[in-house]
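Engineer: My structure is stored as my_file19.txt, with compact mmCIF, N, CA and C atoms.
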# COMPACT_ATOMS: atom_id res chain seq x y z
N MET A 1 -84.70 -81.68 98.69
CA MET A 1 -85.70 -81.76 99.72
C MET A 1 -85.90 -80.41 100.41
N PHE A 2 -84.77 -79.72 100.66
CA PHE A 2 -84.85 -78.42 101.31
C PHE A 2 -85.61 -77.43 100.44
N ASN A 3 -85.37 -77.45 99.12
CA ASN A 3 -86.07 -76.55 98.20
C ASN A 3 -87.57 -76.81 98.21
N LEU A 4 -87.98 -78.06 98.33
CA LEU A 4 -89.40 -78.41 98.37
C LEU A 4 -90.07 -77.86 99.62
N ILE A 5 -89.40 -77.96 100.76
CA ILE A 5 -89.95 -77.45 102.02
C ILE A 5 -90.07 -75.92 101.96
N VAL A 6 -89.06 -75.24 101.46
CA VAL A 6 -89.09 -73.78 101.33
C VAL A 6 -90.21 -73.36 100.38
N THR A 7 -90.40 -74.06 99.30
CA THR A 7 -91.46 -73.74 98.34
C THR A 7 -92.83 -73.91 98.97
N ILE A 8 -93.04 -74.97 99.72
CA ILE A 8 -94.34 -75.21 100.38
C ILE A 8 -94.61 -74.13 101.41
N ILE A 9 -93.62 -73.75 102.18
CA ILE A 9 -93.78 -72.67 103.18
C ILE A 9 -94.09 -71.35 102.48
N ALA A 10 -93.41 -71.05 101.40
CA ALA A 10 -93.66 -69.81 100.66
C ALA A 10 -95.08 -69.77 100.11
N ILE A 11 -95.54 -70.88 99.56
CA ILE A 11 -96.92 -70.94 99.04
C ILE A 11 -97.92 -70.76 100.17
N ALA A 12 -97.67 -71.38 101.31
CA ALA A 12 -98.58 -71.24 102.46
C ALA A 12 -98.62 -69.80 102.94
N LEU A 13 -97.47 -69.13 103.01
CA LEU A 13 -97.44 -67.73 103.45
C LEU A 13 -98.18 -66.82 102.47
N VAL A 14 -98.00 -67.04 101.20
CA VAL A 14 -98.71 -66.24 100.19
C VAL A 14 -100.21 -66.47 100.31
N ALA A 15 -100.63 -67.70 100.52
CA ALA A 15 -102.05 -68.00 100.67
C ALA A 15 -102.62 -67.31 101.91
N VAL A 16 -101.90 -67.33 103.03
CA VAL A 16 -102.35 -66.68 104.26
C VAL A 16 -102.46 -65.17 104.04
N LEU A 17 -101.47 -64.57 103.39
CA LEU A 17 -101.51 -63.13 103.12
C LEU A 17 -102.67 -62.77 102.19
N ALA A 18 -102.93 -63.59 101.21
CA ALA A 18 -104.04 -63.32 100.29
C ALA A 18 -105.38 -63.38 101.02
N ILE A 19 -105.57 -64.38 101.86
CA ILE A 19 -106.82 -64.51 102.62
C ILE A 19 -106.97 -63.34 103.59
N ALA A 20 -105.89 -62.97 104.27
CA ALA A 20 -105.96 -61.85 105.21
C ALA A 20 -106.27 -60.54 104.50
N SER A 21 -105.69 -60.31 103.34
CA SER A 21 -105.96 -59.06 102.63
C SER A 21 -107.39 -59.00 102.12
N ILE A 22 -107.94 -60.13 101.72
CA ILE A 22 -109.34 -60.15 101.28
C ILE A 22 -110.26 -59.91 102.47
N TYR A 23 -109.96 -60.54 103.58
CA TYR A 23 -110.82 -60.42 104.77
C TYR A 23 -110.78 -59.00 105.33
N TYR A 24 -109.59 -58.47 105.56
CA TYR A 24 -109.47 -57.13 106.15
C TYR A 24 -109.58 -56.02 105.12
N GLY A 25 -109.24 -56.28 103.89
CA GLY A 25 -109.32 -55.26 102.85
C GLY A 25 -110.73 -55.01 102.36
N GLY A 26 -111.65 -55.93 102.62
CA GLY A 26 -113.04 -55.75 102.20
C GLY A 26 -113.66 -54.51 102.78
N ASN A 27 -113.38 -54.21 104.05
CA ASN A 27 -113.93 -53.01 104.70
C ASN A 27 -113.39 -51.74 104.06
N VAL A 28 -112.12 -51.76 103.69
CA VAL A 28 -111.52 -50.59 103.06
C VAL A 28 -112.18 -50.33 101.71
N PHE A 29 -112.41 -51.37 100.93
CA PHE A 29 -113.02 -51.21 99.62
C PHE A 29 -114.45 -50.70 99.75
N ASN A 30 -115.21 -51.19 100.74
CA ASN A 30 -116.59 -50.74 100.93
C ASN A 30 -116.65 -49.29 101.37
N SER A 31 -115.78 -48.87 102.28
CA SER A 31 -115.81 -47.48 102.72
C SER A 31 -115.37 -46.55 101.59
N GLY A 32 -114.46 -47.01 100.75
CA GLY A 32 -114.06 -46.20 99.59
C GLY A 32 -115.21 -46.00 98.63
N LYS A 33 -116.04 -47.02 98.45
CA LYS A 33 -117.21 -46.90 97.57
C LYS A 33 -118.20 -45.91 98.15
N LYS A 34 -118.41 -45.97 99.47
CA LYS A 34 -119.33 -45.02 100.10
C LYS A 34 -118.84 -43.59 99.96
N ASP A 35 -117.54 -43.38 100.17
CA ASP A 35 -116.98 -42.03 99.99
C ASP A 35 -117.12 -41.57 98.55
N GLY A 36 -116.92 -42.47 97.61
CA GLY A 36 -117.08 -42.13 96.20
C GLY A 36 -118.50 -41.74 95.86
N ASP A 37 -119.47 -42.45 96.44
CA ASP A 37 -120.88 -42.12 96.21
C ASP A 37 -121.22 -40.75 96.78
N VAL A 38 -120.68 -40.43 97.97
CA VAL A 38 -120.93 -39.13 98.59
C VAL A 38 -120.38 -38.02 97.70
N VAL A 39 -119.17 -38.19 97.22
CA VAL A 39 -118.56 -37.18 96.36
C VAL A 39 -119.32 -37.05 95.04
N ARG A 40 -119.79 -38.18 94.50
CA ARG A 40 -120.58 -38.14 93.25
C ARG A 40 -121.84 -37.31 93.44
N VAL A 41 -122.56 -37.53 94.55
CA VAL A 41 -123.79 -36.77 94.80
C VAL A 41 -123.47 -35.29 94.99
N MET A 42 -122.39 -34.99 95.69
CA MET A 42 -122.02 -33.59 95.88
C MET A 42 -121.68 -32.92 94.54
N ASN A 43 -120.98 -33.64 93.67
CA ASN A 43 -120.65 -33.09 92.34
C ASN A 43 -121.90 -32.90 91.49
N GLU A 44 -122.82 -33.86 91.54
CA GLU A 44 -124.07 -33.71 90.79
C GLU A 44 -124.83 -32.48 91.27
N GLY A 45 -124.89 -32.29 92.59
CA GLY A 45 -125.57 -31.11 93.13
C GLY A 45 -124.91 -29.81 92.68
N ALA A 46 -123.58 -29.79 92.66
CA ALA A 46 -122.86 -28.59 92.22
C ALA A 46 -123.11 -28.31 90.74
N GLN A 47 -123.18 -29.37 89.92
CA GLN A 47 -123.46 -29.18 88.49
C GLN A 47 -124.87 -28.62 88.29
N ILE A 48 -125.83 -29.16 89.03
CA ILE A 48 -127.21 -28.68 88.90
C ILE A 48 -127.31 -27.23 89.36
N LYS A 49 -126.65 -26.92 90.47
CA LYS A 49 -126.69 -25.54 90.98
C LYS A 49 -126.10 -24.57 89.96
N GLY A 50 -124.96 -24.93 89.37
CA GLY A 50 -124.36 -24.07 88.35
C GLY A 50 -125.24 -23.91 87.12
N ALA A 51 -125.85 -25.01 86.69
CA ALA A 51 -126.75 -24.95 85.53
C ALA A 51 -127.97 -24.09 85.85
N ALA A 52 -128.47 -24.19 87.08
CA ALA A 52 -129.64 -23.38 87.47
C ALA A 52 -129.30 -21.90 87.49
N GLN A 53 -128.10 -21.57 87.94
CA GLN A 53 -127.70 -20.16 87.94
C GLN A 53 -127.57 -19.62 86.51
N LEU A 54 -127.00 -20.42 85.61
CA LEU A 54 -126.92 -20.00 84.20
C LEU A 54 -128.31 -19.83 83.60
N TYR A 55 -129.19 -20.78 83.88
CA TYR A 55 -130.55 -20.71 83.36
C TYR A 55 -131.22 -19.42 83.84
N THR A 56 -131.07 -19.11 85.14
CA THR A 56 -131.70 -17.92 85.71
C THR A 56 -131.16 -16.65 85.05
N GLU A 57 -129.84 -16.62 84.80
CA GLU A 57 -129.24 -15.45 84.14
C GLU A 57 -129.77 -15.27 82.72
N HIS A 58 -129.91 -16.38 81.97
CA HIS A 58 -130.34 -16.28 80.58
C HIS A 58 -131.86 -16.12 80.43
N ALA A 59 -132.62 -16.86 81.23
CA ALA A 59 -134.07 -16.85 81.09
C ALA A 59 -134.74 -15.74 81.89
N GLY A 60 -134.06 -15.24 82.91
CA GLY A 60 -134.64 -14.18 83.73
C GLY A 60 -135.51 -14.72 84.85
N THR A 61 -135.82 -16.00 84.84
CA THR A 61 -136.60 -16.62 85.91
C THR A 61 -135.90 -17.91 86.32
N PRO A 62 -136.09 -18.33 87.57
CA PRO A 62 -135.46 -19.58 88.00
C PRO A 62 -136.09 -20.79 87.33
N PRO A 63 -135.35 -21.87 87.20
CA PRO A 63 -135.92 -23.09 86.61
C PRO A 63 -136.99 -23.68 87.52
N THR A 64 -137.97 -24.31 86.93
CA THR A 64 -139.04 -24.92 87.73
C THR A 64 -138.81 -26.41 87.94
N SER A 65 -137.99 -27.01 87.09
CA SER A 65 -137.71 -28.44 87.23
C SER A 65 -136.37 -28.75 86.58
N ILE A 66 -135.91 -29.94 86.81
CA ILE A 66 -134.65 -30.39 86.21
C ILE A 66 -134.79 -30.46 84.68
N ASP A 67 -136.01 -30.64 84.19
CA ASP A 67 -136.24 -30.69 82.74
C ASP A 67 -135.90 -29.37 82.06
N ASP A 68 -136.08 -28.25 82.77
CA ASP A 68 -135.71 -26.96 82.20
C ASP A 68 -134.21 -26.90 81.90
N LEU A 69 -133.42 -27.58 82.71
CA LEU A 69 -131.96 -27.53 82.55
C LEU A 69 -131.46 -28.50 81.49
N THR A 70 -132.20 -29.57 81.25
CA THR A 70 -131.75 -30.58 80.29
C THR A 70 -132.38 -30.40 78.91
N LEU A 71 -133.25 -29.42 78.74
CA LEU A 71 -133.90 -29.18 77.46
C LEU A 71 -132.85 -28.91 76.39
N ASN A 72 -132.78 -29.77 75.40
CA ASN A 72 -131.82 -29.68 74.30
C ASN A 72 -130.36 -29.70 74.77
N GLY A 73 -130.11 -30.14 75.99
CA GLY A 73 -128.74 -30.22 76.50
C GLY A 73 -128.08 -28.87 76.66
N ARG A 74 -128.87 -27.83 76.79
CA ARG A 74 -128.30 -26.49 76.81
C ARG A 74 -127.53 -26.21 78.10
N TYR A 75 -128.07 -26.62 79.24
CA TYR A 75 -127.41 -26.36 80.52
C TYR A 75 -126.83 -27.63 81.13
N LEU A 76 -127.53 -28.73 80.98
CA LEU A 76 -127.04 -30.04 81.39
C LEU A 76 -127.28 -31.00 80.24
N ARG A 77 -126.29 -31.82 79.95
CA ARG A 77 -126.46 -32.79 78.87
C ARG A 77 -127.54 -33.80 79.22
N SER A 78 -127.55 -34.27 80.46
CA SER A 78 -128.59 -35.19 80.92
C SER A 78 -128.76 -35.00 82.42
N ALA A 79 -129.89 -35.41 82.92
CA ALA A 79 -130.18 -35.28 84.35
C ALA A 79 -129.36 -36.31 85.12
N PRO A 80 -128.77 -35.90 86.24
CA PRO A 80 -128.06 -36.87 87.08
C PRO A 80 -129.01 -37.92 87.62
N SER A 81 -128.45 -39.04 88.05
CA SER A 81 -129.29 -40.10 88.61
C SER A 81 -129.94 -39.62 89.90
N GLY A 82 -131.09 -40.17 90.19
CA GLY A 82 -131.80 -39.79 91.40
C GLY A 82 -132.91 -38.80 91.12
N ALA A 83 -133.67 -38.51 92.16
CA ALA A 83 -134.80 -37.59 92.04
C ALA A 83 -134.37 -36.20 92.50
N TRP A 84 -133.86 -35.41 91.59
CA TRP A 84 -133.38 -34.07 91.91
C TRP A 84 -134.47 -33.04 91.67
N ASN A 85 -134.58 -32.10 92.61
CA ASN A 85 -135.41 -30.91 92.44
C ASN A 85 -134.46 -29.73 92.32
N VAL A 86 -134.92 -28.64 91.77
CA VAL A 86 -134.03 -27.52 91.53
C VAL A 86 -134.73 -26.22 91.90
N SER A 87 -133.94 -25.26 92.37
CA SER A 87 -134.43 -23.91 92.60
C SER A 87 -133.39 -22.96 92.02
N ALA A 88 -133.56 -21.68 92.23
CA ALA A 88 -132.64 -20.72 91.65
C ALA A 88 -131.24 -20.86 92.25
N GLN A 89 -131.15 -21.28 93.51
CA GLN A 89 -129.85 -21.31 94.17
C GLN A 89 -129.44 -22.69 94.68
N TYR A 90 -130.36 -23.64 94.69
CA TYR A 90 -130.04 -24.93 95.30
C TYR A 90 -130.47 -26.09 94.43
N ALA A 91 -129.75 -27.18 94.59
CA ALA A 91 -130.14 -28.46 94.01
C ALA A 91 -130.53 -29.35 95.18
N ILE A 92 -131.70 -29.94 95.11
CA ILE A 92 -132.22 -30.72 96.24
C ILE A 92 -132.51 -32.13 95.77
N SER A 93 -131.94 -33.09 96.46
CA SER A 93 -132.25 -34.49 96.23
C SER A 93 -132.99 -34.98 97.46
N PRO A 94 -134.28 -35.26 97.35
CA PRO A 94 -135.06 -35.62 98.54
C PRO A 94 -134.50 -36.86 99.23
N VAL A 95 -134.43 -36.80 100.54
CA VAL A 95 -133.91 -37.90 101.36
C VAL A 95 -135.01 -38.37 102.28
N GLY A 96 -135.16 -39.68 102.39
CA GLY A 96 -136.10 -40.25 103.34
C GLY A 96 -137.53 -40.34 102.83
N THR A 97 -137.70 -40.47 101.51
CA THR A 97 -139.06 -40.49 100.97
C THR A 97 -139.34 -41.70 100.08
N THR A 98 -138.48 -42.70 100.11
CA THR A 98 -138.67 -43.81 99.19
C THR A 98 -139.72 -44.82 99.66
N GLY A 99 -139.96 -44.89 100.96
CA GLY A 99 -140.90 -45.87 101.49
C GLY A 99 -140.23 -47.17 101.90
N SER A 100 -139.03 -47.42 101.45
CA SER A 100 -138.27 -48.60 101.83
C SER A 100 -137.38 -48.23 103.01
N ALA A 101 -137.52 -48.95 104.12
CA ALA A 101 -136.76 -48.62 105.33
C ALA A 101 -135.26 -48.73 105.09
N ALA A 102 -134.83 -49.75 104.36
CA ALA A 102 -133.40 -49.94 104.10
C ALA A 102 -132.86 -48.82 103.21
N ALA A 103 -133.60 -48.47 102.16
CA ALA A 103 -133.17 -47.41 101.26
C ALA A 103 -133.16 -46.06 101.97
N ASP A 104 -134.16 -45.81 102.81
CA ASP A 104 -134.21 -44.55 103.54
C ASP A 104 -133.05 -44.45 104.52
N ALA A 105 -132.72 -45.54 105.20
CA ALA A 105 -131.60 -45.54 106.15
C ALA A 105 -130.29 -45.29 105.42
N ALA A 106 -130.10 -45.91 104.25
CA ALA A 106 -128.88 -45.70 103.47
C ALA A 106 -128.80 -44.25 103.00
N ALA A 107 -129.93 -43.68 102.58
CA ALA A 107 -129.95 -42.29 102.12
C ALA A 107 -129.64 -41.33 103.27
N LEU A 108 -130.15 -41.61 104.47
CA LEU A 108 -129.84 -40.75 105.61
C LEU A 108 -128.37 -40.86 105.99
N ASP A 109 -127.81 -42.05 105.91
CA ASP A 109 -126.37 -42.21 106.18
C ASP A 109 -125.55 -41.40 105.18
N GLN A 110 -125.95 -41.46 103.90
CA GLN A 110 -125.25 -40.71 102.88
C GLN A 110 -125.39 -39.21 103.12
N CYS A 111 -126.58 -38.78 103.52
CA CYS A 111 -126.82 -37.36 103.80
C CYS A 111 -125.96 -36.89 104.97
N ASN A 112 -125.86 -37.71 106.01
CA ASN A 112 -125.00 -37.36 107.14
C ASN A 112 -123.55 -37.26 106.71
N ALA A 113 -123.11 -38.16 105.83
CA ALA A 113 -121.73 -38.12 105.34
C ALA A 113 -121.49 -36.86 104.50
N ILE A 114 -122.48 -36.45 103.71
CA ILE A 114 -122.36 -35.23 102.91
C ILE A 114 -122.22 -34.02 103.83
N ASN A 115 -123.06 -33.95 104.86
CA ASN A 115 -122.99 -32.82 105.79
C ASN A 115 -121.65 -32.80 106.52
N LYS A 116 -121.13 -33.98 106.85
CA LYS A 116 -119.81 -34.05 107.50
C LYS A 116 -118.74 -33.52 106.56
N LYS A 117 -118.80 -33.88 105.26
CA LYS A 117 -117.82 -33.37 104.29
C LYS A 117 -117.96 -31.86 104.09
N LEU A 118 -119.18 -31.35 104.27
CA LEU A 118 -119.41 -29.91 104.14
C LEU A 118 -118.97 -29.14 105.39
N GLY A 119 -118.61 -29.88 106.46
CA GLY A 119 -118.10 -29.23 107.68
C GLY A 119 -119.12 -29.06 108.78
N TYR A 120 -120.28 -29.68 108.65
CA TYR A 120 -121.30 -29.57 109.70
C TYR A 120 -121.21 -30.78 110.63
N SER A 121 -121.38 -30.55 111.92
CA SER A 121 -121.40 -31.66 112.88
C SER A 121 -122.84 -31.80 113.40
N LEU A 122 -123.70 -32.31 112.53
CA LEU A 122 -125.11 -32.48 112.86
C LEU A 122 -125.36 -33.93 113.24
N SER A 123 -126.27 -34.15 114.19
CA SER A 123 -126.61 -35.52 114.56
C SER A 123 -127.56 -36.14 113.53
N ALA A 124 -128.33 -35.31 112.84
CA ALA A 124 -129.26 -35.78 111.81
C ALA A 124 -129.41 -34.65 110.80
N PRO A 125 -129.76 -34.98 109.56
CA PRO A 125 -129.97 -33.93 108.56
C PRO A 125 -131.14 -33.04 108.97
N PRO A 126 -131.02 -31.73 108.78
CA PRO A 126 -132.13 -30.84 109.10
C PRO A 126 -133.26 -30.98 108.09
N SER A 127 -134.40 -30.44 108.43
CA SER A 127 -135.53 -30.44 107.50
C SER A 127 -135.26 -29.41 106.41
N CYS A 128 -135.67 -29.72 105.19
CA CYS A 128 -135.47 -28.80 104.07
C CYS A 128 -136.28 -27.53 104.24
N SER A 129 -137.33 -27.57 105.05
CA SER A 129 -138.15 -26.39 105.26
C SER A 129 -137.66 -25.53 106.43
N ASP A 130 -136.60 -25.95 107.11
CA ASP A 130 -136.05 -25.19 108.24
C ASP A 130 -135.37 -23.93 107.72
N THR A 131 -135.86 -22.77 108.12
CA THR A 131 -135.35 -21.50 107.61
C THR A 131 -133.92 -21.22 108.08
N ALA A 132 -133.48 -21.87 109.15
CA ALA A 132 -132.11 -21.65 109.63
C ALA A 132 -131.08 -22.14 108.62
N TRP A 133 -131.49 -23.05 107.74
CA TRP A 133 -130.56 -23.61 106.75
C TRP A 133 -130.87 -23.12 105.34
N SER A 134 -131.75 -22.15 105.19
CA SER A 134 -132.19 -21.73 103.86
C SER A 134 -131.08 -21.07 103.04
N ASP A 135 -130.08 -20.50 103.68
CA ASP A 135 -129.02 -19.83 102.94
C ASP A 135 -127.70 -20.58 102.98
N LYS A 136 -127.74 -21.86 103.37
CA LYS A 136 -126.53 -22.67 103.47
C LYS A 136 -126.63 -23.89 102.58
N GLN A 137 -125.48 -24.36 102.11
CA GLN A 137 -125.45 -25.61 101.36
C GLN A 137 -125.41 -26.73 102.38
N VAL A 138 -126.46 -27.54 102.39
CA VAL A 138 -126.58 -28.61 103.36
C VAL A 138 -127.44 -29.72 102.76
N CYS A 139 -127.20 -30.94 103.19
CA CYS A 139 -128.07 -32.04 102.79
C CYS A 139 -129.21 -32.08 103.79
N CYS A 140 -130.44 -31.92 103.32
CA CYS A 140 -131.58 -31.87 104.21
C CYS A 140 -132.56 -32.97 103.84
N GLN A 141 -133.53 -33.20 104.72
CA GLN A 141 -134.52 -34.24 104.43
C GLN A 141 -135.91 -33.62 104.32
N THR A 142 -136.67 -34.19 103.41
CA THR A 142 -138.04 -33.72 103.23
C THR A 142 -138.92 -34.40 104.28
N PRO A 143 -139.97 -33.72 104.71
CA PRO A 143 -140.84 -34.32 105.75
C PRO A 143 -141.56 -35.55 105.25
With the file now loaded, output its structure as structure tokens.
Structural biologist:
Amino acid sequence: MFNLIVTIIAIALVAVLAIASIYYGGNVFNSGKKDGDVVRVMNEGAQIKGAAQLYTEHAGTPPTSIDDLTLNGRYLRSAPSGAWNVSAQYAISPVGTTGSAAADAAALDQCNAINKKLGYSLSAPPSCSDTAWSDKQVCCQTP
């Protein structure tokens, strides 16, 4: 009888711990996914920037589009996900232009997280046309 009572208590404790870990652990898993997405976007930008610099060195002119870098897989095997623009020194992923309020809000949150990881304490992403940020790596938003 004693073994039965101990077994029932042990099962109940395991069930309570499992429910608590699912309830409280859900936030940890979601924030980890957001951090992973931020790092993925930063890595994609760094790959595009490096490919653009190689293209400029070999071609003598800066790339005009992401297609210049993916032509025959010479500089990039394939284009990263998202709408990336490219210049000689920067990779730009437009933020705040989808037309969907939820998607735009998520993109701005991601942009703010990128700027925080880059060491900037900005209240909002700067405009991509702002000359104060033209020589810095920053996540900016298109008008």
Engineer: Would you mind reading off the distance between CA of Leu118 in chain A and atom N of Val38 in chain A, one decimal, in Å?
Structural biologist: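 Interatomic distance here is 12.3 Å.
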Engineer: Quick one, how far is CA of Cys139 in chain A from CA of Cys111 in chain A?
Structural biologist: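 So the two atoms, CA of Cys139 in chain A and CA of Cys111 in chain A, lie 5.6 Å apart.
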Engineer: Quote the spacing between atom N of Pro80 in chain A and CA of Asn43 in chain A in Å to one decimal place.
Structural biologist: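 Computing it gives 10.5 Å between the two atoms.
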Engineer: Which one is closest to Val86 in chain A: A:Leu122, A:Ala105, A:Leu69, A:Val39? Count only C-alpha atoms.
Structural biologist: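 For Val86 in chain A, the nearest of the given residues is A:Leu69.
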Engineer: Using all atoms listed in the file, which of A:Val6, A:Leu54, A:Ala79, A:Ala124 sits nearest Ile66 in chain A?
Structural biologist: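 So, comparing all the options, the nearest one is A:Ala79.
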Engineer: Show me, as a list in words, the residues that have an atom within 12 Å of Lys136 in chain A when counting only C-alpha atoms, minus same-chain residues fewer than 6 positions from it.
Structural biologist: Gln89, Tyr90, Ala91, Asn115, Leu118, Gly119, Tyr120, Pro126, Cys128 and Asp130 of chain A
Engineer: I'd like the neighbourhood of Tyr75 in chain A as a ChimeraX atom specification, where a residue qualifies if any of its atoms comes within 8 Å (using only N, CA and C atoms), though same-chain residues fewer than 2 positions away should be ignored.
Structural biologist: /A:47-48,50-52,54-55,68-73,77-78
Engineer: Run DSSP on the backbone and give me the residues of chain A it puts in strand (DSSP E or B), as a list of chain:residue names.
Structural biologist: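 Restricting chain A to strand (DSSP E or B) produces A:Asn85, A:Val86, A:Ala91, A:Ile92, A:Ser127, A:Gln141.
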Engineer: Write out as a PyMOL selection string all residues of range 3-141 of chain A that DSSP puts in alpha helix (DSSP H) for this structure's backbone.
Structural biologist: chain A and resi 3-59+66-70+101-117
Engineer: Name the closest residue to Thr64 in chain A among the candidates A:Gly45, A:Ser134, A:Ile11, A:Trp84; distances are taken between atoms, counting only C-alpha atoms.
Structural biologist: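 Answer, going by the shortest atom-to-atom distance: A:Trp84.
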Engineer: Which is closest to Lys49 in chain A among A:Ile92, A:Tyr23, A:Val16, A:Ile9, if we use only N, CA and C atoms?
Structural biologist: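 The shortest atom-to-atom distance to Lys49 in chain A comes from A:Ile92.
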